[in-house]
$ cat final.csv   # CSV, C-alpha atoms
chain,number,residue,atom,x,y,z
A,1,MET,CA,150.6,107.3,67.6
A,2,LEU,CA,150.2,109.8,64.8
A,3,ILE,CA,153.3,111.1,63.1
A,4,VAL,CA,153.4,113.6,60.3
A,5,VAL,CA,156.6,114.2,58.3
A,6,THR,CA,156.6,117.6,56.5
A,7,GLY,CA,158.8,119.7,54.2
A,8,VAL,CA,159.0,121.0,50.7
A,9,SER,CA,159.1,118.5,47.9
A,10,GLY,CA,162.4,116.6,47.5
A,11,THR,CA,163.4,116.7,51.2
A,12,GLY,CA,162.9,112.9,51.7
A,13,LYS,CA,159.6,112.8,53.4
A,14,THR,CA,158.7,109.5,51.8
A,15,THR,CA,162.0,107.9,52.7
A,16,ILE,CA,162.1,109.0,56.3
A,17,GLY,CA,158.4,108.5,56.8
A,18,SER,CA,158.4,105.0,55.5
A,19,ASP,CA,161.5,104.1,57.5
A,20,ILE,CA,159.8,105.3,60.7
A,21,ALA,CA,156.6,103.4,59.8
A,22,ASP,CA,158.6,100.2,59.1
A,23,THR,CA,160.5,100.6,62.4
A,24,LEU,CA,157.3,101.1,64.5
A,25,ASP,CA,155.2,98.7,62.5
A,26,LEU,CA,152.7,101.4,61.6
A,27,PRO,CA,151.0,102.0,58.3
A,28,PHE,CA,152.7,104.6,56.0
A,29,PHE,CA,150.7,107.0,53.8
A,30,ASP,CA,152.3,109.3,51.2
A,31,ALA,CA,150.0,112.4,50.8
A,32,ASP,CA,151.0,112.6,47.2
A,33,ASN,CA,149.0,109.4,46.6
A,34,PHE,CA,145.8,111.2,47.8
A,35,HIS,CA,145.8,114.2,45.4
A,36,PRO,CA,142.7,114.4,43.2
A,37,ALA,CA,143.4,114.0,39.5
A,38,GLU,CA,142.8,117.7,38.9
A,39,ASN,CA,145.7,118.6,41.3
A,40,ILE,CA,148.1,116.1,39.7
A,41,GLU,CA,147.2,117.4,36.2
A,42,LYS,CA,147.8,121.0,37.4
A,43,MET,CA,151.2,120.2,38.9
A,44,SER,CA,152.2,118.0,35.9
A,45,LEU,CA,151.7,121.1,33.8
A,46,GLY,CA,154.0,123.0,36.1
A,47,PHE,CA,151.4,125.1,38.0
A,48,PRO,CA,151.6,125.2,41.8
A,49,LEU,CA,148.5,124.4,43.8
A,50,ASN,CA,146.6,127.1,45.6
A,51,ASP,CA,144.8,126.9,48.9
A,52,GLU,CA,141.5,126.1,47.2
A,53,ASP,CA,143.2,123.2,45.4
A,54,ARG,CA,144.7,121.8,48.6
A,55,LEU,CA,141.6,122.1,50.9
A,56,PRO,CA,139.7,118.9,49.9
A,57,TRP,CA,143.1,117.0,49.8
A,58,LEU,CA,144.0,118.1,53.3
A,59,GLN,CA,140.5,117.3,54.6
A,60,ALA,CA,140.8,113.8,53.2
A,61,LEU,CA,144.2,113.4,54.8
A,62,ALA,CA,142.8,114.6,58.2
A,63,GLU,CA,140.0,111.9,57.9
A,64,LEU,CA,142.7,109.3,57.1
A,65,LEU,CA,144.6,110.3,60.3
A,66,VAL,CA,141.4,110.1,62.4
A,67,LYS,CA,140.7,106.6,61.1
A,68,SER,CA,144.3,105.6,61.6
A,69,GLU,CA,144.3,106.6,65.2
A,70,LEU,CA,141.5,104.1,65.8
A,71,ASN,CA,144.0,101.4,64.7
A,72,ASP,CA,147.2,102.3,66.7
A,73,GLY,CA,148.1,105.2,64.4
A,74,ALA,CA,150.1,105.9,61.2
A,75,VAL,CA,152.9,107.9,59.6
A,76,LEU,CA,151.9,110.5,57.0
A,77,ALA,CA,154.4,112.2,54.7
A,78,CYS,CA,152.8,115.5,53.6
A,79,SER,CA,154.3,118.8,52.5
A,80,ALA,CA,152.0,120.7,54.8
A,81,LEU,CA,153.7,123.9,53.8
A,82,LYS,CA,151.5,126.4,55.8
A,83,GLU,CA,150.5,126.4,59.4
A,84,SER,CA,146.9,126.6,58.3
A,85,TYR,CA,147.4,123.3,56.4
A,86,ARG,CA,149.0,121.7,59.5
A,87,GLU,CA,146.0,122.9,61.6
A,88,ILE,CA,143.7,120.9,59.4
A,89,LEU,CA,145.9,117.8,59.9
A,90,MET,CA,146.2,118.3,63.6
A,91,VAL,CA,143.4,115.9,64.5
A,92,GLN,CA,144.6,115.5,68.1
A,93,LYS,CA,146.8,117.4,70.5
A,94,ASP,CA,149.5,114.7,71.1
A,95,MET,CA,150.6,114.2,67.5
A,96,TYR,CA,154.3,114.1,66.5
A,97,TRP,CA,155.6,116.4,63.9
A,98,ILE,CA,158.9,116.0,62.0
A,99,HIS,CA,159.9,118.8,59.7
A,100,LEU,CA,162.5,118.1,57.1
A,101,LYS,CA,164.7,121.1,56.2
A,102,GLY,CA,167.6,121.6,53.9
A,103,ASP,CA,169.5,123.7,51.5
A,104,ARG,CA,167.6,124.7,48.3
A,105,GLU,CA,170.5,123.6,46.1
A,106,LEU,CA,170.6,120.1,47.6
A,107,ILE,CA,166.9,119.7,47.3
A,108,TRP,CA,167.1,121.0,43.7
A,109,ARG,CA,169.6,118.4,42.8
A,110,ARG,CA,167.5,115.7,44.4
A,111,MET,CA,164.4,116.8,42.5
A,112,LEU,CA,166.3,116.9,39.1
A,113,ALA,CA,167.3,113.3,39.7
A,114,ARG,CA,163.8,112.0,40.4
A,115,LYS,CA,162.0,110.2,37.6
A,116,ASN,CA,158.3,109.8,36.9
A,117,HIS,CA,157.2,112.3,39.6
A,118,TYR,CA,154.5,114.9,38.7
A,119,MET,CA,156.0,117.5,41.0
A,120,LYS,CA,158.4,119.4,38.7
A,121,ALA,CA,161.8,120.7,40.0
A,122,SER,CA,160.9,124.1,38.5
A,123,MET,CA,158.1,124.4,41.2
A,124,LEU,CA,160.6,124.2,44.1
A,125,ASP,CA,160.8,128.0,44.5
A,126,SER,CA,157.0,128.2,44.9
A,127,GLN,CA,157.2,125.6,47.7
A,128,PHE,CA,160.0,127.5,49.5
A,129,ALA,CA,157.9,130.7,49.1
A,130,THR,CA,154.9,129.0,50.6
A,131,TRP,CA,156.7,127.2,53.5
A,132,GLU,CA,156.0,128.6,56.9
A,133,GLU,CA,158.4,127.2,59.4
A,134,PRO,CA,156.6,125.7,62.4
A,135,SER,CA,157.7,126.5,66.0
A,136,TYR,CA,157.0,122.9,67.2
A,137,GLY,CA,158.1,119.4,66.5
A,138,LEU,CA,161.4,118.0,65.4
A,139,LYS,CA,163.4,119.9,62.8
A,140,LEU,CA,165.6,117.4,60.9
A,141,ASN,CA,168.4,118.6,58.6
A,142,ILE,CA,168.4,116.6,55.4
A,143,CYS,CA,172.2,116.9,55.0
A,144,LYS,CA,172.4,113.9,57.3
A,145,THR,CA,172.1,110.3,56.0
A,146,PRO,CA,168.7,108.7,56.1
A,147,GLU,CA,170.0,106.3,58.8
A,148,GLU,CA,171.1,109.3,61.0
A,149,MET,CA,167.8,111.0,60.4
A,150,LEU,CA,165.9,107.9,61.4
A,151,VAL,CA,167.8,107.6,64.7
A,152,GLU,CA,167.2,111.2,65.5
A,153,ALA,CA,163.5,110.9,64.7
A,154,LEU,CA,163.1,107.7,66.8
A,155,GLN,CA,164.8,109.5,69.7
A,156,TYR,CA,162.3,112.4,69.3
A,157,LEU,CA,159.5,109.9,69.4
A,158,GLY,CA,160.9,108.4,72.6
A,159,ILE,CA,161.8,105.0,71.0
A,160,GLN,CA,164.8,103.2,72.5
A,161,ILE,CA,167.2,102.1,69.8
A,162,ARG,CA,168.8,98.8,70.5
A,163,SER,CA,172.4,98.4,69.5
A,164,ASP,CA,173.5,95.0,68.0
A,165,LYS,CA,177.1,95.7,68.9
$ encode --input "final.csv" --output "structure tokens"
Amino acid sequence: MLIVVTGVSGTGKTTIGSDIADTLDLPFFDADNFHPAENIEKMSLGFPLNDEDRLPWLQALAELLVKSELNDGAVLACSALKESYREILMVQKDMYWIHLKGDRELIWRRMLARKNHYMKASMLDSQFATWEEPSYGLKLNICKTPEEMLVEALQYLGIQIRSDK
């Protein structure tokens, strides 16, 4: 099972993706950890990445997904802002896509609260300008709690949730 959690920076991709991975006992990968040093330096200086910057990174993530599918799958948290980026990551037809969406002001506040992250809050507008909303997958509103979002994501994935009550 391959699951990709997308959205602009600050939407909670890492939180939701790792929660899904923990629940399903799958490996979790944060795409931020796979950026080459040049990309991290560029973003750290406040410059958004362009398509050329992203291509080798996306290709490496696609290879990671192919390898992961051989071992029962994985969950990948990746901005995947454009459809062309998602096409690179679409390494098989029956993948699951979860797209996190939310109000710019909420995301802005979250980004300002983050510490030690190279993606600067000032770059949020470039992420929104680049975002191409997909017509497929689950669209999760980030105004919900992480627990509510996890339940909705698991339902989308066809996972039965056992109640302890």
$ closest_atom_pairs --input "final.csv" --of "region 73-97 of chain A" --to "region 131-144 of chain A" --cutoff "7 Å" --atoms "all atoms listed in the file" --output "tab-separated table"
residue	atom	partner	partner_atom	distance
A:Leu81	CA	A:Trp131	CA	4.5
A:Lys82	CA	A:Glu132	CA	5.1
A:Glu83	CA	A:Glu132	CA	6.4
A:Tyr96	CA	A:Gly137	CA	6.5
A:Trp97	CA	A:Gly137	CA	4.7
$ closest_atom_pairs --input "final.csv" --of "region 125-155 of chain A" --to "region 17-34 of chain A" --cutoff "9 Å" --atoms "only C-alpha atoms" --output "Markdown table"
| residue | atom | partner | partner_atom | distance |
| --- | --- | --- | --- | --- |
| A:Pro146 | CA | A:Asp19 | CA | 8.7 |
| A:Glu147 | CA | A:Asp19 | CA | 8.9 |
| A:Leu150 | CA | A:Ile20 | CA | 6.7 |
| A:Ala153 | CA | A:Ile20 | CA | 7.8 |
| A:Leu154 | CA | A:Ile20 | CA | 7.3 |
$ residues_near_point --input "final.csv" --point "(159.5, 123.1, 50.1)" --cutoff "7 Å" --atoms "only C-alpha atoms" --output "PyMOL selection string"
chain A and resi 7-9+81+124+127-128+131
$ closest_residue --input "final.csv" --among "A:Leu45, A:Val75, A:Ala80, A:Val66" --to "Gln92 (chain A)" --atoms "all atoms listed in the file"
A:Val66
$ closest_residue --input "final.csv" --among "A:Thr6, A:Gln59, A:Thr11, A:Pro48" --to "Ile107 (chain A)" --atoms "only C-alpha atoms"
A:Thr11
$ atom_distance --input "final.csv" --atom1 "CA of Val4 (chain A)" --atom2 "CA of Tyr156 (chain A)"
12.7 Å
$ residues_near_point --input "final.csv" --point "(144.9, 109.2, 61.8)" --cutoff "7 Å" --atoms "all atoms listed in the file" --output "list of chain:residue names"
A:Leu2, A:Ala62, A:Glu63, A:Leu64, A:Leu65, A:Val66, A:Lys67, A:Ser68, A:Glu69, A:Gly73, A:Ala74
$ write_last_selection --input "final.csv" --atoms "C-alpha atoms" --output "PDB file, in the frame of the given file"
ATOM      1  CA  LEU A   2     150.200 109.800  64.800  1.00  0.00           C
ATOM      2  CA  ALA A  62     142.800 114.600  58.200  1.00  0.00           C
ATOM      3  CA  GLU A  63     140.000 111.900  57.900  1.00  0.00           C
ATOM      4  CA  LEU A  64     142.700 109.300  57.100  1.00  0.00           C
ATOM      5  CA  LEU A  65     144.600 110.300  60.300  1.00  0.00           C
ATOM      6  CA  VAL A  66     141.400 110.100  62.400  1.00  0.00           C
ATOM      7  CA  LYS A  67     140.700 106.600  61.100  1.00  0.00           C
ATOM      8  CA  SER A  68     144.300 105.600  61.600  1.00  0.00           C
ATOM      9  CA  GLU A  69     144.300 106.600  65.200  1.00  0.00           C
ATOM     10  CA  GLY A  73     148.100 105.200  64.400  1.00  0.00           C
ATOM     11  CA  ALA A  74     150.100 105.900  61.200  1.00  0.00           C
TER      12      ALA A  74
END
